[in-house]
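Asker: Let me begin by handing over the structure; questions about it come next.
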Amino acid sequence: MVCGNADGTIRFYDFFFKAEAWFEDQQLSSVKSISFSRKQPTLASGDSNMSQEKADGGGFACSDFLVADSNGMVAELKAKMYEAIDANSKKGKTLMKGLKSAVSAIAVHPTRPYLAVAEDDGWIGIYDYENDFQLLIYDDITKKDKKNNEKAIMPDKVPRLGDAKDGKIPRKRLITCMEFTPDGELLMALWKGKIEVMSIEEEKIMDEYPADLSVSDEAR
């Protein structure tokens with residue numbers, strides 16, 4: 001089990017709720033979301049104080065993962081940071097910061113270099129992390145069928161919460177979790193028991209769900 005905590009730490013527990021590993025040097029605020037890579041887990045080794053006997057016996061290992069906090073920062077962490085000796089080696093790489101509101105959920109595309117980010121104000125954006133975090137697709141909760149090619153470091157050039165030029169009352173939503181489908185064609189976002197589905201190819205939130213999706217009638 002993995003827990004992201006209000007003090008900015010991340011802890012891994014075994015089936016007996018005994019702490020196996022912890023990451024406490026990231027200088028994060030309250031952790032809001034954690035998303036793991038689908039790549040094979042790697043062992044905490046290299047610049048490490050883990051004994052060879054422990055490593056051979058299957059020491060702590062995990063896939064690389066991203067962490068988002070309440071200040072709108074997204075950082076990349078790796079298993080080897082847990083056993084690192086050097087202080088700088090224990091800190092993850094900051095991928096994004098300075099977003100206009102706190103991050104509530106993140107998800108990584110299974111095959112493309114895409115990172116989906118949901119913010120507390122309802123914003124959903126998909127960024128290309130191999131191309132200077134270029135903003136590819138977004139939904140601003142008041143309008144549909146939107147696309148913007150401005151970079152994430154220029155948030156003032158994209159619509160803000162409350163824009164209602166179409167005369168509609170702005171919707172409010174707090175995305176609590178997101179995940180791409182295994183084929184990467186859809187992004188699923190959950191808020192108050194409702195599911196919103198974004199089509200990556202059509203670059204928009206879908207008005208109707210695919211037939212094989214179901215929706216809870218209660219918030220969970």
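Residues are referred to by chain and number: the chain letter is A, B, ... according to the order shown in the structure tokens, the number counts from 1 in that chain, and ligands are numbered separately from 1 in the order shown.
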Could you list, as a ChimeraX atom specification, every residue within 12 Å of Pro110 (chain A), counting only C-alpha atoms and ignoring same-chain residues fewer than 6 positions away?

Answerer: /A:35-39,116,179-187

Asker: Can I get the selected residues back with N, CA and C atoms, as a compact mmCIF listing (two decimals), in the first residue's frame?

Answerer:
```txt
# COMPACT_ATOMS: atom_id res chain seq x y z
N SER A 35 0.90 8.58 -9.31
CA SER A 35 0.67 7.78 -10.51
C SER A 35 1.94 7.02 -10.86
N PHE A 36 1.84 5.67 -10.97
CA PHE A 36 3.00 4.82 -11.22
C PHE A 36 3.17 4.52 -12.70
N SER A 37 4.43 4.39 -13.10
CA SER A 37 4.75 3.96 -14.46
C SER A 37 4.37 2.49 -14.62
N ARG A 38 4.04 2.10 -15.85
CA ARG A 38 3.74 0.70 -16.14
C ARG A 38 4.99 -0.12 -16.42
N LYS A 39 6.15 0.50 -16.33
CA LYS A 39 7.40 -0.21 -16.55
C LYS A 39 7.72 -1.13 -15.38
N ALA A 116 -1.69 13.66 -17.87
CA ALA A 116 -2.98 14.32 -17.63
C ALA A 116 -2.97 14.90 -16.22
N GLU A 179 -7.56 8.04 -14.82
CA GLU A 179 -6.77 6.94 -15.36
C GLU A 179 -7.05 6.80 -16.84
N PHE A 180 -6.01 6.51 -17.61
CA PHE A 180 -6.18 6.20 -19.02
C PHE A 180 -6.61 4.74 -19.16
N THR A 181 -7.40 4.46 -20.19
CA THR A 181 -7.71 3.07 -20.50
C THR A 181 -6.43 2.39 -20.99
N PRO A 182 -6.34 1.05 -20.88
CA PRO A 182 -5.10 0.35 -21.27
C PRO A 182 -4.64 0.64 -22.69
N ASP A 183 -5.58 0.88 -23.61
CA ASP A 183 -5.19 1.18 -24.98
C ASP A 183 -4.86 2.66 -25.17
N GLY A 184 -5.08 3.48 -24.13
CA GLY A 184 -4.73 4.89 -24.19
C GLY A 184 -5.67 5.76 -24.99
N GLU A 185 -6.80 5.21 -25.43
CA GLU A 185 -7.72 5.98 -26.27
C GLU A 185 -8.60 6.93 -25.46
N LEU A 186 -8.86 6.60 -24.20
CA LEU A 186 -9.75 7.39 -23.37
C LEU A 186 -9.09 7.74 -22.04
N LEU A 187 -9.47 8.90 -21.51
CA LEU A 187 -9.07 9.31 -20.17
C LEU A 187 -10.32 9.33 -19.30
```

Asker: Mind listing the alpha helix (DSSP H) residues of region 1-124 of chain A, per DSSP on the backbone, as a PDB file with C-alpha atoms, in the first residue's frame?

Answerer:
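What follows is the written file out.pdb:
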```
ATOM      1  CA  GLN A  52      24.171  -6.956  -1.378  1.00  0.00           C
ATOM      2  CA  GLU A  53      22.591  -9.755   0.629  1.00  0.00           C
ATOM      3  CA  LYS A  54      19.426  -7.708   1.117  1.00  0.00           C
ATOM      4  CA  ALA A  55      19.414  -6.674  -2.535  1.00  0.00           C
ATOM      5  CA  ASP A  56      19.772 -10.272  -3.684  1.00  0.00           C
TER       6      ASP A  56
END
```

Asker: Quick check, in Å to one decimal: how far apart do CA of Cys177 (chain A) and CA of Gly8 (chain A) lie?

Answerer: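 Computed distance, CA of Cys177 (chain A) to CA of Gly8 (chain A), equals 18.4 Å.
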
Asker: Pick from A:Met206, A:Ala105, A:Met73, A:Leu95: nearest to Ile34 (chain A), with only C-alpha atoms counted?

Answerer: A:Ala105

Asker: List as a ChimeraX atom specification the protein and nucleic acid residues near Arg112 (chain A), meaning an atom at most 10 Å away when only C-alpha atoms are counted, but skip any in the same chain fewer than 5 places from it.

Answerer: /A:128-130,184

Asker: Using only C-alpha atoms for the distances, tell me which of A:Val117, A:Leu190, A:Val67, A:Val197 is nearest to Phe133 (chain A).

Answerer: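 With only C-alpha atoms as the atom set, the closest residue is A:Val117.
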
Asker: When distances are computed from only C-alpha atoms, which of A:Leu66, A:Leu174, A:Met1, A:Met81 shows the smallest separation from Glu24 (chain A)?

Answerer: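 Once distances to Glu24 (chain A) are computed over only C-alpha atoms, the minimum belongs to A:Met81.
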